Amino acid sequence: MTTKPFISRKDMTRRRMLGAALAAGAAVPLAAVAGPAWADSAAAAPAPTRLVLPLPTGPHPVGTAQLHLVDRTRPDDIAGPGHFRELMATVWYPARDVERYPVASWMPAGALQAFLTDAGFSALAPLGPLTAGHVGAPVRRSGRLLPVVVFSHGAHSHQGDHTVIVQELASHGYAVVTVAHQYDTYTEFPDGRVAVPLRDRQAPTLPGDFAADLRFVLDCVEQLAAGCNPDVARRKLPAGLLGSLDPRRIGAFGWSKGGTATACATLADERIRAGLSLDGPMQMNPPLAGDLDRPFMMMSAVFTRATYPEAAAFWSHLRGWRLNIQAQGAVHVSYGDNEALFPQVAKLFGWSGQQLQDVIGTLDPDQAVKIQQAYPLAFFDEHLRHRRGHLLDGPSPAFPAVTFLP
């Protein structure tokens with residue numbers, strides 16, 4: 001059963017942006033603030049050409065596996081009596097012997113179709129990119145347990161919208177678990193159900209709900225580390241995954257509302273050793289209480305401390321290692337896959353340079369991809385692996401757009 005999307009005031013703004021852009025002959029994403037989508041003129045769709053994500057730069061090939069999880073401590077009032085919070089999660093990890101295993105799609109086919117259908121452009125589904133992750137490939141075992149990072153997506157988005165960062169971390173030896181936050185995401189369950197954002201203001205979609213999902217996923221990480229399979233149906237996991245994760249080295253990151261959720265979860269759960277927000281608004285309900293003495297990094301674009309009091313208030317509660325950077329010319333979507341995908345879409349549809357900038361900002365797309373590959377990796381390397389480099393010390397000639405905010 002497919003649920004119906006909930007449309008907030010911000011969503012109406014996005015739809016107006018879309019309509020205005022189409023009227024001007026541009027193709028602009030429905031989720032210009034909340035996640036990637038593709039748009040075109042339905043009557044003049046181009047011949048399908050699969051979009052491409054940049055390859056990760058790490059030394060290891062990447063494997064991936066899905067988990068179907070149910071949190072039986074959290075009743076699901078939306079689904080009805082006897083139902084509990086249900087999530088899809090995907091584990092990404094360094095792999096070996098990947099040649100025999102197919103690569104994963106950016107989104108499951110049903111979820112991608114729903115995503116584009118809601119935007120009115122279902123004909124573009126064949127363009128969906130592939131990832132670097134090989135489904136079910138065995139885990140590379142090096143004698144050391146894998147540090148773990150969990151990821152929380154933004155509002156009305158999906159768990160694959162920051163695959164560039166996710167597979168980059170995995171290629172450098174991390175296990176990354178991405179979470180699909182039910183009722184505020186596009187996802188597909190093993191039985192074929194496709195879920196989309198729900199039209200219900202009572203749905204559990206606040207940052208605190210996302211944070212509770214992350215904390216539950218940490219429980220599942222601990223199960224995997226202990227050799228137990230948390231999948232509801234106990235589906236077969238890739239060889240070597242059980243017992244390969246290190247529950248003592250866990251980080252978290254998220255984009256937009258997922259960045260706020262990351263902050264909430266890090267404040268609430270000491271298992272998260274380091275947290276990273278990608279342009280999170282930090283609008284917390286209930287308001288922030290208490291200080292955080294563990295490392296936290298903010299990569300700002302639109303939701304800066306200078307313009308959003310909530311972001312400034314959160315920063316004032318950071319008592320441990322902290323860093324706030326901003327890429328000049330970045331917009332809200334600049335620290336995600338859009339920077340790699342939309343320049344390709346622009347070529348397909350003959351956008352002008354201004355039309356592309358209206359979507360992804362003036363930050364050079366190649367530089368944007370390199371920024372999102374380099375800075376999260378450097379952050380987690382320093383605080384989960386104690387591998388100190390110099391990238392986080394100050395401005396770098398390799399990344400001239402990145403400013404360090406005092």
# chains A, B, ... in the order shown; residues from 1 in each chain; ligands from 1
>>> residues_around(residues="segment 324-332 of chain A", least_positions_apart="3", cutoff="8 Å", atoms="only C-alpha atoms", output="list in words")
Ala32, Val33, Ser256, Asp279, Met297, Met298, Met299, Ser300, Ala301, Val302, Phe303, Tyr335, Ile360, Gly361, Thr362, Leu363, Ala401, Val402, Thr403, Phe404, Leu405 and Pro406 of chain A
>>> select_by_dssp(residues="segment 75-183 of chain A", states="helix (DSSP H, G or I)", output="list in words")
Val98, Glu99, Arg100, Ala109, Gly110, Ala111, Leu112, Gln113, Ala114, Phe115, Leu116, Thr117, Asp118, Ala119, Ser122, Ala123, Leu124, Ala125, Pro126, Leu127, Thr163, Val164, Ile165, Val166, Gln167, Glu168, Leu169, Ala170 and Ser171 of chain A
>>> write_last_selection(atoms="N, CA, C and O atoms", output="compact mmCIF listing (two decimals), in the first residue's frame")
# COMPACT_ATOMS: atom_id res chain seq x y z
N VAL A 98 34.12 -8.56 -5.42
CA VAL A 98 32.84 -7.96 -5.77
C VAL A 98 32.37 -8.30 -7.19
O VAL A 98 31.22 -8.01 -7.54
N GLU A 99 33.22 -8.91 -7.98
CA GLU A 99 32.91 -9.08 -9.41
C GLU A 99 31.62 -9.85 -9.65
O GLU A 99 30.92 -9.62 -10.63
N ARG A 100 31.30 -10.78 -8.77
CA ARG A 100 30.12 -11.64 -8.98
C ARG A 100 28.83 -11.01 -8.48
O ARG A 100 27.76 -11.63 -8.61
N ALA A 109 13.56 0.52 -7.29
CA ALA A 109 12.77 0.92 -8.45
C ALA A 109 11.40 1.49 -8.08
O ALA A 109 10.97 2.52 -8.60
N GLY A 110 10.71 0.82 -7.15
CA GLY A 110 9.38 1.29 -6.77
C GLY A 110 9.42 2.63 -6.08
O GLY A 110 8.57 3.50 -6.30
N ALA A 111 10.43 2.83 -5.22
CA ALA A 111 10.56 4.10 -4.52
C ALA A 111 10.92 5.23 -5.49
O ALA A 111 10.40 6.34 -5.39
N LEU A 112 11.83 4.95 -6.43
CA LEU A 112 12.20 5.95 -7.41
C LEU A 112 11.00 6.34 -8.26
O LEU A 112 10.77 7.53 -8.54
N GLN A 113 10.21 5.36 -8.67
CA GLN A 113 9.04 5.65 -9.48
C GLN A 113 8.05 6.53 -8.71
O GLN A 113 7.50 7.50 -9.24
N ALA A 114 7.85 6.22 -7.43
CA ALA A 114 6.95 7.02 -6.60
C ALA A 114 7.48 8.44 -6.41
O ALA A 114 6.73 9.42 -6.46
N PHE A 115 8.78 8.53 -6.21
CA PHE A 115 9.44 9.82 -6.03
C PHE A 115 9.19 10.72 -7.24
O PHE A 115 8.76 11.88 -7.11
N LEU A 116 9.43 10.18 -8.43
CA LEU A 116 9.27 10.98 -9.64
C LEU A 116 7.81 11.20 -10.01
O LEU A 116 7.44 12.24 -10.54
N THR A 117 6.97 10.23 -9.70
CA THR A 117 5.55 10.38 -9.98
C THR A 117 4.96 11.52 -9.15
O THR A 117 4.17 12.33 -9.65
N ASP A 118 5.34 11.60 -7.87
CA ASP A 118 4.85 12.68 -7.03
C ASP A 118 5.27 14.05 -7.57
O ASP A 118 4.58 15.04 -7.37
N ALA A 119 6.44 14.09 -8.23
CA ALA A 119 6.90 15.34 -8.82
C ALA A 119 6.29 15.58 -10.20
O ALA A 119 6.45 16.66 -10.77
N SER A 122 7.30 10.95 -14.00
CA SER A 122 7.58 9.52 -13.88
C SER A 122 8.37 8.96 -15.06
O SER A 122 9.03 7.94 -14.93
N ALA A 123 8.31 9.64 -16.21
CA ALA A 123 9.01 9.12 -17.39
C ALA A 123 10.53 9.13 -17.21
O ALA A 123 11.25 8.49 -17.97
N LEU A 124 11.02 9.84 -16.19
CA LEU A 124 12.46 9.93 -16.01
C LEU A 124 13.04 8.80 -15.15
O LEU A 124 14.24 8.78 -14.90
N ALA A 125 12.22 7.88 -14.70
CA ALA A 125 12.72 6.81 -13.85
C ALA A 125 13.88 6.03 -14.45
O ALA A 125 14.78 5.62 -13.72
N PRO A 126 13.92 5.77 -15.78
CA PRO A 126 15.06 5.02 -16.32
C PRO A 126 16.41 5.71 -16.16
O PRO A 126 17.44 5.08 -16.37
N LEU A 127 16.42 6.99 -15.81
CA LEU A 127 17.68 7.70 -15.68
C LEU A 127 18.36 7.46 -14.34
O LEU A 127 19.48 7.90 -14.12
N THR A 163 24.57 9.45 -1.25
CA THR A 163 25.37 8.27 -1.57
C THR A 163 26.83 8.60 -1.84
O THR A 163 27.72 7.80 -1.55
N VAL A 164 27.10 9.77 -2.40
CA VAL A 164 28.50 10.15 -2.66
C VAL A 164 29.32 10.08 -1.37
O VAL A 164 30.41 9.50 -1.34
N ILE A 165 28.78 10.64 -0.29
CA ILE A 165 29.50 10.61 0.99
C ILE A 165 29.52 9.21 1.56
O ILE A 165 30.55 8.73 2.05
N VAL A 166 28.38 8.53 1.49
CA VAL A 166 28.26 7.21 2.10
C VAL A 166 29.25 6.22 1.49
O VAL A 166 29.99 5.52 2.20
N GLN A 167 29.29 6.14 0.16
CA GLN A 167 30.18 5.16 -0.45
C GLN A 167 31.65 5.60 -0.35
O GLN A 167 32.55 4.77 -0.36
N GLU A 168 31.89 6.91 -0.22
CA GLU A 168 33.25 7.38 0.02
C GLU A 168 33.76 6.85 1.36
O GLU A 168 34.88 6.33 1.47
N LEU A 169 32.94 6.98 2.40
CA LEU A 169 33.34 6.47 3.71
C LEU A 169 33.56 4.96 3.67
O LEU A 169 34.54 4.45 4.21
N ALA A 170 32.64 4.25 3.03
CA ALA A 170 32.77 2.79 2.96
C ALA A 170 34.04 2.38 2.24
O ALA A 170 34.71 1.41 2.63
N SER A 171 34.40 3.10 1.19
CA SER A 171 35.60 2.74 0.43
C SER A 171 36.87 2.98 1.24
O SER A 171 37.93 2.45 0.91
>>> closest_atom_pairs(of="segment 36-102 of chain A", to="segment 143-153 of chain A", cutoff="10 Å", atoms="only C-alpha atoms", output="JSON lines")
{"residue": "A:Ala89", "atom": "CA", "partner": "A:Phe151", "partner_atom": "CA", "distance": 9.6}
{"residue": "A:Thr90", "atom": "CA", "partner": "A:Val150", "partner_atom": "CA", "distance": 9.8}
{"residue": "A:Val91", "atom": "CA", "partner": "A:Val150", "partner_atom": "CA", "distance": 9.1}
{"residue": "A:Trp92", "atom": "CA", "partner": "A:Val148", "partner_atom": "CA", "distance": 9.7}
{"residue": "A:Tyr93", "atom": "CA", "partner": "A:Leu146", "partner_atom": "CA", "distance": 8.3}
{"residue": "A:Pro94", "atom": "CA", "partner": "A:Leu146", "partner_atom": "CA", "distance": 8.9}
>>> write_last_selection(atoms="N, CA and C atoms", output="short mmCIF file (atom, residue, chain, number, x, y, z; two decimals), in the first residue's frame")
data_model
loop_
_atom_site.label_atom_id
_atom_site.label_comp_id
_atom_site.auth_asym_id
_atom_site.auth_seq_id
_atom_site.Cartn_x
_atom_site.Cartn_y
_atom_site.Cartn_z
N ALA A 89 16.81 0.03 6.36
CA ALA A 89 18.17 0.55 6.53
C ALA A 89 19.06 -0.18 5.53
N THR A 90 20.15 0.48 5.16
CA THR A 90 21.12 -0.12 4.24
C THR A 90 22.50 0.00 4.85
N VAL A 91 23.22 -1.11 4.85
CA VAL A 91 24.59 -1.13 5.35
C VAL A 91 25.55 -1.09 4.16
N TRP A 92 26.50 -0.17 4.21
CA TRP A 92 27.57 -0.05 3.22
C TRP A 92 28.88 -0.35 3.91
N TYR A 93 29.79 -1.03 3.23
CA TYR A 93 30.99 -1.51 3.91
C TYR A 93 32.09 -1.80 2.89
N PRO A 94 33.36 -1.86 3.33
CA PRO A 94 34.43 -2.28 2.43
C PRO A 94 34.26 -3.76 2.11
#
>>> residues_around(residues="Ala212 of chain A", least_positions_apart="4", cutoff="12 Å", atoms="only C-alpha atoms", output="list in words")
Asp71, Thr73, Arg74, Arg85, Leu87, Ser152, Val179, His181, Gln182, Pro204, Thr205, Leu206, Pro207, Gly208, Phe216, Val217, Leu218, Asp219, Gly258, Ala261, Thr262, Ala263, Cys264, Ala265, Thr266, Leu267, Ala268 and Asp269 of chain A
>>> select_by_dssp(residues="segment 46-290 of chain A", states="strand (DSSP E or B)", output="ChimeraX atom specification")
/A:52,62-75,84-95,103-105,130-135,139,146-152,157,175-180,185,187-188,194-195,245-255,272-278
